[in-house]
Amino acid sequence: MPGMAADVAVKALLGAVAATGFAVLFNAPRYTLIWCAACGALGLTLRTLAMACGVGVELATLFASTAVSAFSFWPHNRLTLPTHIFSIPGVINMVPGVYAYQAMTGFLRFVQEKDQAIFLSAWHDLLTMTTILMALAFGLVLPSLCLRIEKKTL
């Protein structure tokens, strides 16, 4: 277990750094960077813990992105800024770039080698990437649908 605690701490730190970097890249206000870092740390920590408990990467990503989106309502209410300022940098570090790379290189290797196992592996990586992206999108939208309270006007 000590190795897992260190792994979770490293993932939290790297998630915070990545989220802060993307927030700066997207020109988020300077006073929101700490909240963006918290969202990034929360997202990668929860996904790492869920995967350590045996949950698949797709479901773990859905859980983590839903938690990040729900957490972003807290600074939204305190600072009266849109939730996506905090949630998008918090989940962008969970985008499945490795699966996309493996799928593309697998398809290119299949063209050269004509091996069915390479083709099936490339399709598996492509479907995994697509499922993770759908989990990220659904996880970002779900709390907004459930937690947003419409203000009624006369």
# chains A, B, ... in the order shown; residues from 1 in each chain; ligands from 1
>>> closest_atom_pairs(of="region 86-147 of chain A", to="region 7-28 of chain A", cutoff="10 Å", atoms="only C-alpha atoms", output="JSON lines")
{"residue": "A:Phe86", "atom": "CA", "partner": "A:Ala23", "partner_atom": "CA", "distance": 8.0}
{"residue": "A:Ser87", "atom": "CA", "partner": "A:Ala19", "partner_atom": "CA", "distance": 9.2}
{"residue": "A:Ile88", "atom": "CA", "partner": "A:Ala23", "partner_atom": "CA", "distance": 8.4}
{"residue": "A:Pro89", "atom": "CA", "partner": "A:Ala19", "partner_atom": "CA", "distance": 4.7}
{"residue": "A:Gly90", "atom": "CA", "partner": "A:Ala19", "partner_atom": "CA", "distance": 5.2}
{"residue": "A:Val91", "atom": "CA", "partner": "A:Ala19", "partner_atom": "CA", "distance": 7.7}
{"residue": "A:Ile92", "atom": "CA", "partner": "A:Ala19", "partner_atom": "CA", "distance": 7.3}
{"residue": "A:Asn93", "atom": "CA", "partner": "A:Ala18", "partner_atom": "CA", "distance": 6.4}
{"residue": "A:Met94", "atom": "CA", "partner": "A:Gly15", "partner_atom": "CA", "distance": 8.9}
>>> residues_around(residues="region 120-136 of chain A", least_positions_apart="3", cutoff="6 Å", atoms="only C-alpha atoms", output="ChimeraX atom specification")
/A:58,62,65,96,99,103,106-107,117,139
>>> write_last_selection(atoms="all heavy atoms", output="PDB file, in the first residue's frame")
ATOM      1  N   GLU A  58     -12.668   3.145 -18.505  1.00  0.00           N
ATOM      2  CA  GLU A  58     -13.802   3.932 -18.997  1.00  0.00           C
ATOM      3  C   GLU A  58     -14.709   4.371 -17.851  1.00  0.00           C
ATOM      4  O   GLU A  58     -15.076   5.542 -17.746  1.00  0.00           O
ATOM      5  CB  GLU A  58     -14.621   3.124 -20.012  1.00  0.00           C
ATOM      6  CG  GLU A  58     -13.849   2.736 -21.253  1.00  0.00           C
ATOM      7  CD  GLU A  58     -13.150   1.396 -21.131  1.00  0.00           C
ATOM      8  OE1 GLU A  58     -13.119   0.821 -20.018  1.00  0.00           O
ATOM      9  OE2 GLU A  58     -12.629   0.922 -22.147  1.00  0.00           O
ATOM     10  N   LEU A  62     -15.405   8.106 -16.218  1.00  0.00           N
ATOM     11  CA  LEU A  62     -16.747   8.660 -16.036  1.00  0.00           C
ATOM     12  C   LEU A  62     -16.942   9.134 -14.600  1.00  0.00           C
ATOM     13  O   LEU A  62     -17.435  10.244 -14.363  1.00  0.00           O
ATOM     14  CB  LEU A  62     -17.809   7.617 -16.397  1.00  0.00           C
ATOM     15  CG  LEU A  62     -19.257   8.018 -16.137  1.00  0.00           C
ATOM     16  CD1 LEU A  62     -19.671   9.161 -17.042  1.00  0.00           C
ATOM     17  CD2 LEU A  62     -20.169   6.823 -16.324  1.00  0.00           C
ATOM     18  N   SER A  65     -14.642  12.314 -14.013  1.00  0.00           N
ATOM     19  CA  SER A  65     -15.100  13.538 -14.687  1.00  0.00           C
ATOM     20  C   SER A  65     -16.413  14.044 -14.099  1.00  0.00           C
ATOM     21  O   SER A  65     -16.642  15.252 -14.030  1.00  0.00           O
ATOM     22  CB  SER A  65     -15.237  13.306 -16.188  1.00  0.00           C
ATOM     23  OG  SER A  65     -16.229  12.359 -16.471  1.00  0.00           O
ATOM     24  N   PRO A  96      -7.647  10.530 -23.703  1.00  0.00           N
ATOM     25  CA  PRO A  96      -6.884   9.295 -23.984  1.00  0.00           C
ATOM     26  C   PRO A  96      -5.954   9.404 -25.181  1.00  0.00           C
ATOM     27  O   PRO A  96      -6.160   8.777 -26.223  1.00  0.00           O
ATOM     28  CB  PRO A  96      -8.000   8.279 -24.239  1.00  0.00           C
ATOM     29  CG  PRO A  96      -9.107   9.089 -24.806  1.00  0.00           C
ATOM     30  CD  PRO A  96      -9.035  10.415 -24.091  1.00  0.00           C
ATOM     31  N   TYR A  99      -4.192   5.948 -26.244  1.00  0.00           N
ATOM     32  CA  TYR A  99      -5.033   5.032 -27.011  1.00  0.00           C
ATOM     33  C   TYR A  99      -5.184   5.506 -28.457  1.00  0.00           C
ATOM     34  O   TYR A  99      -5.209   4.695 -29.390  1.00  0.00           O
ATOM     35  CB  TYR A  99      -6.407   4.874 -26.359  1.00  0.00           C
ATOM     36  CG  TYR A  99      -6.375   4.058 -25.101  1.00  0.00           C
ATOM     37  CD1 TYR A  99      -6.555   4.653 -23.859  1.00  0.00           C
ATOM     38  CD2 TYR A  99      -6.159   2.685 -25.143  1.00  0.00           C
ATOM     39  CE1 TYR A  99      -6.522   3.912 -22.700  1.00  0.00           C
ATOM     40  CE2 TYR A  99      -6.117   1.931 -23.996  1.00  0.00           C
ATOM     41  CZ  TYR A  99      -6.304   2.548 -22.772  1.00  0.00           C
ATOM     42  OH  TYR A  99      -6.268   1.796 -21.621  1.00  0.00           O
ATOM     43  N   ALA A 103      -3.902   3.333 -31.622  1.00  0.00           N
ATOM     44  CA  ALA A 103      -4.845   2.973 -32.681  1.00  0.00           C
ATOM     45  C   ALA A 103      -4.298   3.392 -34.048  1.00  0.00           C
ATOM     46  O   ALA A 103      -4.322   2.596 -35.005  1.00  0.00           O
ATOM     47  CB  ALA A 103      -6.201   3.615 -32.426  1.00  0.00           C
ATOM     48  N   GLY A 106      -1.329   1.332 -34.975  1.00  0.00           N
ATOM     49  CA  GLY A 106      -1.778  -0.028 -35.260  1.00  0.00           C
ATOM     50  C   GLY A 106      -2.370  -0.148 -36.652  1.00  0.00           C
ATOM     51  O   GLY A 106      -2.094  -1.123 -37.372  1.00  0.00           O
ATOM     52  N   PHE A 107      -3.174   0.827 -37.049  1.00  0.00           N
ATOM     53  CA  PHE A 107      -3.733   0.794 -38.395  1.00  0.00           C
ATOM     54  C   PHE A 107      -2.645   0.954 -39.459  1.00  0.00           C
ATOM     55  O   PHE A 107      -2.693   0.300 -40.509  1.00  0.00           O
ATOM     56  CB  PHE A 107      -4.806   1.864 -38.570  1.00  0.00           C
ATOM     57  CG  PHE A 107      -6.102   1.534 -37.897  1.00  0.00           C
ATOM     58  CD1 PHE A 107      -6.661   2.417 -37.000  1.00  0.00           C
ATOM     59  CD2 PHE A 107      -6.757   0.336 -38.148  1.00  0.00           C
ATOM     60  CE1 PHE A 107      -7.866   2.123 -36.376  1.00  0.00           C
ATOM     61  CE2 PHE A 107      -7.949   0.027 -37.526  1.00  0.00           C
ATOM     62  CZ  PHE A 107      -8.508   0.924 -36.639  1.00  0.00           C
ATOM     63  N   ALA A 117      -4.334  -9.770 -36.080  1.00  0.00           N
ATOM     64  CA  ALA A 117      -4.199  -9.438 -34.661  1.00  0.00           C
ATOM     65  C   ALA A 117      -3.885  -7.951 -34.481  1.00  0.00           C
ATOM     66  O   ALA A 117      -4.396  -7.308 -33.552  1.00  0.00           O
ATOM     67  CB  ALA A 117      -3.112 -10.288 -34.016  1.00  0.00           C
ATOM     68  N   GLY A 139     -19.676  12.745 -18.302  1.00  0.00           N
ATOM     69  CA  GLY A 139     -19.354  13.117 -16.933  1.00  0.00           C
ATOM     70  C   GLY A 139     -19.348  14.616 -16.713  1.00  0.00           C
ATOM     71  O   GLY A 139     -19.677  15.093 -15.631  1.00  0.00           O
TER      72      GLY A 139
END
>>> select_by_dssp(residues="chain A", states="helix (DSSP H, G or I)", output="ChimeraX atom specification")
/A:2-25,30-52,57-71,73-79,84-94,97-113,116-147
>>> closest_atom_pairs(of="region 65-85 of chain A", to="region 37-46 of chain A", cutoff="8 Å", atoms="only C-alpha atoms", output="JSON lines")
{"residue": "A:Ser65", "atom": "CA", "partner": "A:Gly43", "partner_atom": "CA", "distance": 6.3}
{"residue": "A:Ala67", "atom": "CA", "partner": "A:Gly43", "partner_atom": "CA", "distance": 7.2}
{"residue": "A:Val68", "atom": "CA", "partner": "A:Cys39", "partner_atom": "CA", "distance": 5.6}
{"residue": "A:Phe71", "atom": "CA", "partner": "A:Cys39", "partner_atom": "CA", "distance": 7.2}
{"residue": "A:Ser72", "atom": "CA", "partner": "A:Cys39", "partner_atom": "CA", "distance": 7.1}
>>> write_last_selection(atoms="N, CA and C atoms", output="PDB file, in the first residue's frame")
ATOM      1  N   SER A  65     -14.642  12.314 -14.013  1.00  0.00           N
ATOM      2  CA  SER A  65     -15.100  13.538 -14.687  1.00  0.00           C
ATOM      3  C   SER A  65     -16.413  14.044 -14.099  1.00  0.00           C
ATOM      4  N   ALA A  67     -17.214  13.710 -10.916  1.00  0.00           N
ATOM      5  CA  ALA A  67     -16.823  14.337  -9.650  1.00  0.00           C
ATOM      6  C   ALA A  67     -16.193  15.704  -9.876  1.00  0.00           C
ATOM      7  N   VAL A  68     -15.360  15.837 -10.890  1.00  0.00           N
ATOM      8  CA  VAL A  68     -14.733  17.127 -11.190  1.00  0.00           C
ATOM      9  C   VAL A  68     -15.793  18.152 -11.586  1.00  0.00           C
ATOM     10  N   PHE A  71     -17.680  19.107  -8.480  1.00  0.00           N
ATOM     11  CA  PHE A  71     -16.835  19.930  -7.616  1.00  0.00           C
ATOM     12  C   PHE A  71     -16.718  21.356  -8.160  1.00  0.00           C
ATOM     13  N   SER A  72     -16.763  21.523  -9.477  1.00  0.00           N
ATOM     14  CA  SER A  72     -16.589  22.850 -10.066  1.00  0.00           C
ATOM     15  C   SER A  72     -17.754  23.786  -9.758  1.00  0.00           C
TER      16      SER A  72
END
>>> residues_around(residues="Arg47 (chain A)", least_positions_apart="3", cutoff="6 Å", atoms="only C-alpha atoms", output="list in words")
Leu44, Ala50, Ala60, Thr61 and Ala64 of chain A
>>> write_last_selection(atoms="N, CA and C atoms", output="PDB file, in the first residue's frame")
ATOM      1  N   LEU A  44      -7.585  13.180 -11.481  1.00  0.00           N
ATOM      2  CA  LEU A  44      -6.618  12.094 -11.635  1.00  0.00           C
ATOM      3  C   LEU A  44      -6.533  11.218 -10.400  1.00  0.00           C
ATOM      4  N   ALA A  50      -9.970   4.572  -8.477  1.00  0.00           N
ATOM      5  CA  ALA A  50     -10.982   3.676  -9.029  1.00  0.00           C
ATOM      6  C   ALA A  50     -10.338   2.556  -9.836  1.00  0.00           C
ATOM      7  N   ALA A  60     -13.962   4.413 -14.646  1.00  0.00           N
ATOM      8  CA  ALA A  60     -13.195   5.262 -13.735  1.00  0.00           C
ATOM      9  C   ALA A  60     -13.132   6.693 -14.255  1.00  0.00           C
ATOM     10  N   THR A  61     -12.999   6.854 -15.566  1.00  0.00           N
ATOM     11  CA  THR A  61     -12.981   8.187 -16.157  1.00  0.00           C
ATOM     12  C   THR A  61     -14.334   8.863 -16.025  1.00  0.00           C
ATOM     13  N   ALA A  64     -14.608   9.976 -12.401  1.00  0.00           N
ATOM     14  CA  ALA A  64     -13.731  11.111 -12.094  1.00  0.00           C
ATOM     15  C   ALA A  64     -14.218  12.388 -12.764  1.00  0.00           C
TER      16      ALA A  64
END
>>> residues_around(residues="Phe73 (chain A)", least_positions_apart="6", cutoff="10 Å", atoms="only C-alpha atoms", output="JSON, numbers by chain")
{"A": [79, 80, 81, 82, 83, 84, 86, 87, 143, 144, 147, 148]}
>>> atom_distance(atom1="CA of Leu142 (chain A)", atom2="CA of Thr66 (chain A)")
6.7 Å
>>> closest_residue(among="A:Met104, A:Trp35, A:Arg78, A:Met4", to="Cys53 (chain A)", atoms="only C-alpha atoms")
A:Met4
>>> decode(residues="region 16-32 of chain A", atoms="all heavy atoms", output="PDB file, in the first residue's frame")
ATOM      1  N   ALA A  16      -2.673  18.364 -10.956  1.00  0.00           N
ATOM      2  CA  ALA A  16      -2.783  19.785 -10.615  1.00  0.00           C
ATOM      3  C   ALA A  16      -1.919  20.638 -11.533  1.00  0.00           C
ATOM      4  O   ALA A  16      -2.359  21.696 -12.004  1.00  0.00           O
ATOM      5  CB  ALA A  16      -2.395  20.001  -9.149  1.00  0.00           C
ATOM      6  N   VAL A  17      -0.710  20.179 -11.812  1.00  0.00           N
ATOM      7  CA  VAL A  17       0.188  20.939 -12.683  1.00  0.00           C
ATOM      8  C   VAL A  17      -0.373  21.002 -14.101  1.00  0.00           C
ATOM      9  O   VAL A  17      -0.383  22.068 -14.736  1.00  0.00           O
ATOM     10  CB  VAL A  17       1.603  20.319 -12.666  1.00  0.00           C
ATOM     11  CG1 VAL A  17       2.480  20.912 -13.756  1.00  0.00           C
ATOM     12  CG2 VAL A  17       2.242  20.504 -11.303  1.00  0.00           C
ATOM     13  N   ALA A  18      -0.852  19.859 -14.608  1.00  0.00           N
ATOM     14  CA  ALA A  18      -1.404  19.836 -15.968  1.00  0.00           C
ATOM     15  C   ALA A  18      -2.647  20.717 -16.082  1.00  0.00           C
ATOM     16  O   ALA A  18      -2.803  21.463 -17.055  1.00  0.00           O
ATOM     17  CB  ALA A  18      -1.725  18.404 -16.373  1.00  0.00           C
ATOM     18  N   ALA A  19      -3.529  20.643 -15.103  1.00  0.00           N
ATOM     19  CA  ALA A  19      -4.743  21.464 -15.144  1.00  0.00           C
ATOM     20  C   ALA A  19      -4.403  22.947 -15.073  1.00  0.00           C
ATOM     21  O   ALA A  19      -5.018  23.764 -15.773  1.00  0.00           O
ATOM     22  CB  ALA A  19      -5.673  21.076 -13.997  1.00  0.00           C
ATOM     23  N   THR A  20      -3.435  23.296 -14.258  1.00  0.00           N
ATOM     24  CA  THR A  20      -3.018  24.694 -14.172  1.00  0.00           C
ATOM     25  C   THR A  20      -2.424  25.163 -15.500  1.00  0.00           C
ATOM     26  O   THR A  20      -2.698  26.273 -15.958  1.00  0.00           O
ATOM     27  CB  THR A  20      -2.003  24.891 -13.033  1.00  0.00           C
ATOM     28  OG1 THR A  20      -2.574  24.411 -11.818  1.00  0.00           O
ATOM     29  CG2 THR A  20      -1.626  26.345 -12.873  1.00  0.00           C
ATOM     30  N   GLY A  21      -1.624  24.306 -16.105  1.00  0.00           N
ATOM     31  CA  GLY A  21      -1.045  24.661 -17.402  1.00  0.00           C
ATOM     32  C   GLY A  21      -2.102  24.875 -18.472  1.00  0.00           C
ATOM     33  O   GLY A  21      -2.030  25.837 -19.248  1.00  0.00           O
ATOM     34  N   PHE A  22      -3.102  23.998 -18.520  1.00  0.00           N
ATOM     35  CA  PHE A  22      -4.160  24.175 -19.503  1.00  0.00           C
ATOM     36  C   PHE A  22      -5.018  25.397 -19.180  1.00  0.00           C
ATOM     37  O   PHE A  22      -5.494  26.078 -20.092  1.00  0.00           O
ATOM     38  CB  PHE A  22      -5.022  22.917 -19.599  1.00  0.00           C
ATOM     39  CG  PHE A  22      -4.406  21.856 -20.450  1.00  0.00           C
ATOM     40  CD1 PHE A  22      -3.931  20.692 -19.882  1.00  0.00           C
ATOM     41  CD2 PHE A  22      -4.289  22.029 -21.819  1.00  0.00           C
ATOM     42  CE1 PHE A  22      -3.358  19.707 -20.665  1.00  0.00           C
ATOM     43  CE2 PHE A  22      -3.715  21.047 -22.610  1.00  0.00           C
ATOM     44  CZ  PHE A  22      -3.237  19.888 -22.034  1.00  0.00           C
ATOM     45  N   ALA A  23      -5.212  25.685 -17.901  1.00  0.00           N
ATOM     46  CA  ALA A  23      -5.976  26.877 -17.539  1.00  0.00           C
ATOM     47  C   ALA A  23      -5.245  28.142 -17.978  1.00  0.00           C
ATOM     48  O   ALA A  23      -5.864  29.085 -18.474  1.00  0.00           O
ATOM     49  CB  ALA A  23      -6.229  26.905 -16.032  1.00  0.00           C
ATOM     50  N   VAL A  24      -3.934  28.160 -17.822  1.00  0.00           N
ATOM     51  CA  VAL A  24      -3.144  29.303 -18.286  1.00  0.00           C
ATOM     52  C   VAL A  24      -3.216  29.390 -19.808  1.00  0.00           C
ATOM     53  O   VAL A  24      -3.361  30.476 -20.383  1.00  0.00           O
ATOM     54  CB  VAL A  24      -1.681  29.188 -17.804  1.00  0.00           C
ATOM     55  CG1 VAL A  24      -0.786  30.194 -18.499  1.00  0.00           C
ATOM     56  CG2 VAL A  24      -1.610  29.367 -16.300  1.00  0.00           C
ATOM     57  N   LEU A  25      -3.143  28.254 -20.468  1.00  0.00           N
ATOM     58  CA  LEU A  25      -3.225  28.219 -21.924  1.00  0.00           C
ATOM     59  C   LEU A  25      -4.564  28.750 -22.429  1.00  0.00           C
ATOM     60  O   LEU A  25      -4.640  29.402 -23.466  1.00  0.00           O
ATOM     61  CB  LEU A  25      -3.009  26.787 -22.411  1.00  0.00           C
ATOM     62  CG  LEU A  25      -2.951  26.557 -23.914  1.00  0.00           C
ATOM     63  CD1 LEU A  25      -1.708  27.202 -24.484  1.00  0.00           C
ATOM     64  CD2 LEU A  25      -2.974  25.079 -24.216  1.00  0.00           C
ATOM     65  N   PHE A  26      -5.643  28.475 -21.674  1.00  0.00           N
ATOM     66  CA  PHE A  26      -6.974  28.928 -22.050  1.00  0.00           C
ATOM     67  C   PHE A  26      -7.307  30.318 -21.506  1.00  0.00           C
ATOM     68  O   PHE A  26      -8.451  30.739 -21.563  1.00  0.00           O
ATOM     69  CB  PHE A  26      -8.031  27.944 -21.552  1.00  0.00           C
ATOM     70  CG  PHE A  26      -7.926  26.576 -22.161  1.00  0.00           C
ATOM     71  CD1 PHE A  26      -8.324  25.474 -21.446  1.00  0.00           C
ATOM     72  CD2 PHE A  26      -7.419  26.387 -23.430  1.00  0.00           C
ATOM     73  CE1 PHE A  26      -8.235  24.205 -21.997  1.00  0.00           C
ATOM     74  CE2 PHE A  26      -7.320  25.133 -23.986  1.00  0.00           C
ATOM     75  CZ  PHE A  26      -7.729  24.034 -23.272  1.00  0.00           C
ATOM     76  N   ASN A  27      -6.304  31.017 -20.960  1.00  0.00           N
ATOM     77  CA  ASN A  27      -6.471  32.384 -20.442  1.00  0.00           C
ATOM     78  C   ASN A  27      -7.495  32.488 -19.322  1.00  0.00           C
ATOM     79  O   ASN A  27      -8.297  33.428 -19.270  1.00  0.00           O
ATOM     80  CB  ASN A  27      -6.827  33.370 -21.559  1.00  0.00           C
ATOM     81  CG  ASN A  27      -5.695  33.602 -22.505  1.00  0.00           C
ATOM     82  OD1 ASN A  27      -4.536  33.563 -22.106  1.00  0.00           O
ATOM     83  ND2 ASN A  27      -6.012  33.815 -23.769  1.00  0.00           N
ATOM     84  N   ALA A  28      -7.480  31.533 -18.420  1.00  0.00           N
ATOM     85  CA  ALA A  28      -8.342  31.632 -17.243  1.00  0.00           C
ATOM     86  C   ALA A  28      -7.784  32.728 -16.332  1.00  0.00           C
ATOM     87  O   ALA A  28      -6.572  32.965 -16.298  1.00  0.00           O
ATOM     88  CB  ALA A  28      -8.367  30.299 -16.491  1.00  0.00           C
ATOM     89  N   PRO A  29      -8.652  33.418 -15.612  1.00  0.00           N
ATOM     90  CA  PRO A  29      -8.152  34.451 -14.695  1.00  0.00           C
ATOM     91  C   PRO A  29      -7.179  33.858 -13.671  1.00  0.00           C
ATOM     92  O   PRO A  29      -7.316  32.709 -13.248  1.00  0.00           O
ATOM     93  CB  PRO A  29      -9.419  34.962 -14.011  1.00  0.00           C
ATOM     94  CG  PRO A  29     -10.527  34.631 -14.944  1.00  0.00           C
ATOM     95  CD  PRO A  29     -10.117  33.375 -15.637  1.00  0.00           C
ATOM     96  N   ARG A  30      -6.208  34.667 -13.277  1.00  0.00           N
ATOM     97  CA  ARG A  30      -5.146  34.185 -12.395  1.00  0.00           C
ATOM     98  C   ARG A  30      -5.688  33.676 -11.057  1.00  0.00           C
ATOM     99  O   ARG A  30      -5.191  32.694 -10.517  1.00  0.00           O
ATOM    100  CB  ARG A  30      -4.138  35.302 -12.165  1.00  0.00           C
ATOM    101  CG  ARG A  30      -2.933  34.866 -11.370  1.00  0.00           C
ATOM    102  CD  ARG A  30      -1.889  35.929 -11.325  1.00  0.00           C
ATOM    103  NE  ARG A  30      -1.269  36.002 -12.649  1.00  0.00           N
ATOM    104  CZ  ARG A  30      -0.514  37.002 -13.046  1.00  0.00           C
ATOM    105  NH1 ARG A  30      -0.283  38.008 -12.251  1.00  0.00           N
ATOM    106  NH2 ARG A  30       0.018  37.002 -14.245  1.00  0.00           N
ATOM    107  N   TYR A  31      -6.721  34.318 -10.518  1.00  0.00           N
ATOM    108  CA  TYR A  31      -7.246  33.908  -9.224  1.00  0.00           C
ATOM    109  C   TYR A  31      -8.037  32.593  -9.290  1.00  0.00           C
ATOM    110  O   TYR A  31      -8.408  32.054  -8.256  1.00  0.00           O
ATOM    111  CB  TYR A  31      -8.100  35.018  -8.601  1.00  0.00           C
ATOM    112  CG  TYR A  31      -9.304  35.435  -9.415  1.00  0.00           C
ATOM    113  CD1 TYR A  31     -10.542  34.842  -9.223  1.00  0.00           C
ATOM    114  CD2 TYR A  31      -9.185  36.432 -10.369  1.00  0.00           C
ATOM    115  CE1 TYR A  31     -11.639  35.225  -9.969  1.00  0.00           C
ATOM    116  CE2 TYR A  31     -10.275  36.826 -11.117  1.00  0.00           C
ATOM    117  CZ  TYR A  31     -11.494  36.218 -10.918  1.00  0.00           C
ATOM    118  OH  TYR A  31     -12.581  36.602 -11.656  1.00  0.00           O
ATOM    119  N   THR A  32      -8.280  32.056 -10.472  1.00  0.00           N
ATOM    120  CA  THR A  32      -8.978  30.775 -10.593  1.00  0.00           C
ATOM    121  C   THR A  32      -8.026  29.599 -10.725  1.00  0.00           C
ATOM    122  O   THR A  32      -8.473  28.452 -10.724  1.00  0.00           O
ATOM    123  CB  THR A  32      -9.916  30.779 -11.809  1.00  0.00           C
ATOM    124  OG1 THR A  32      -9.132  30.898 -13.005  1.00  0.00           O
ATOM    125  CG2 THR A  32     -10.929  31.889 -11.718  1.00  0.00           C
TER     126      THR A  32
END
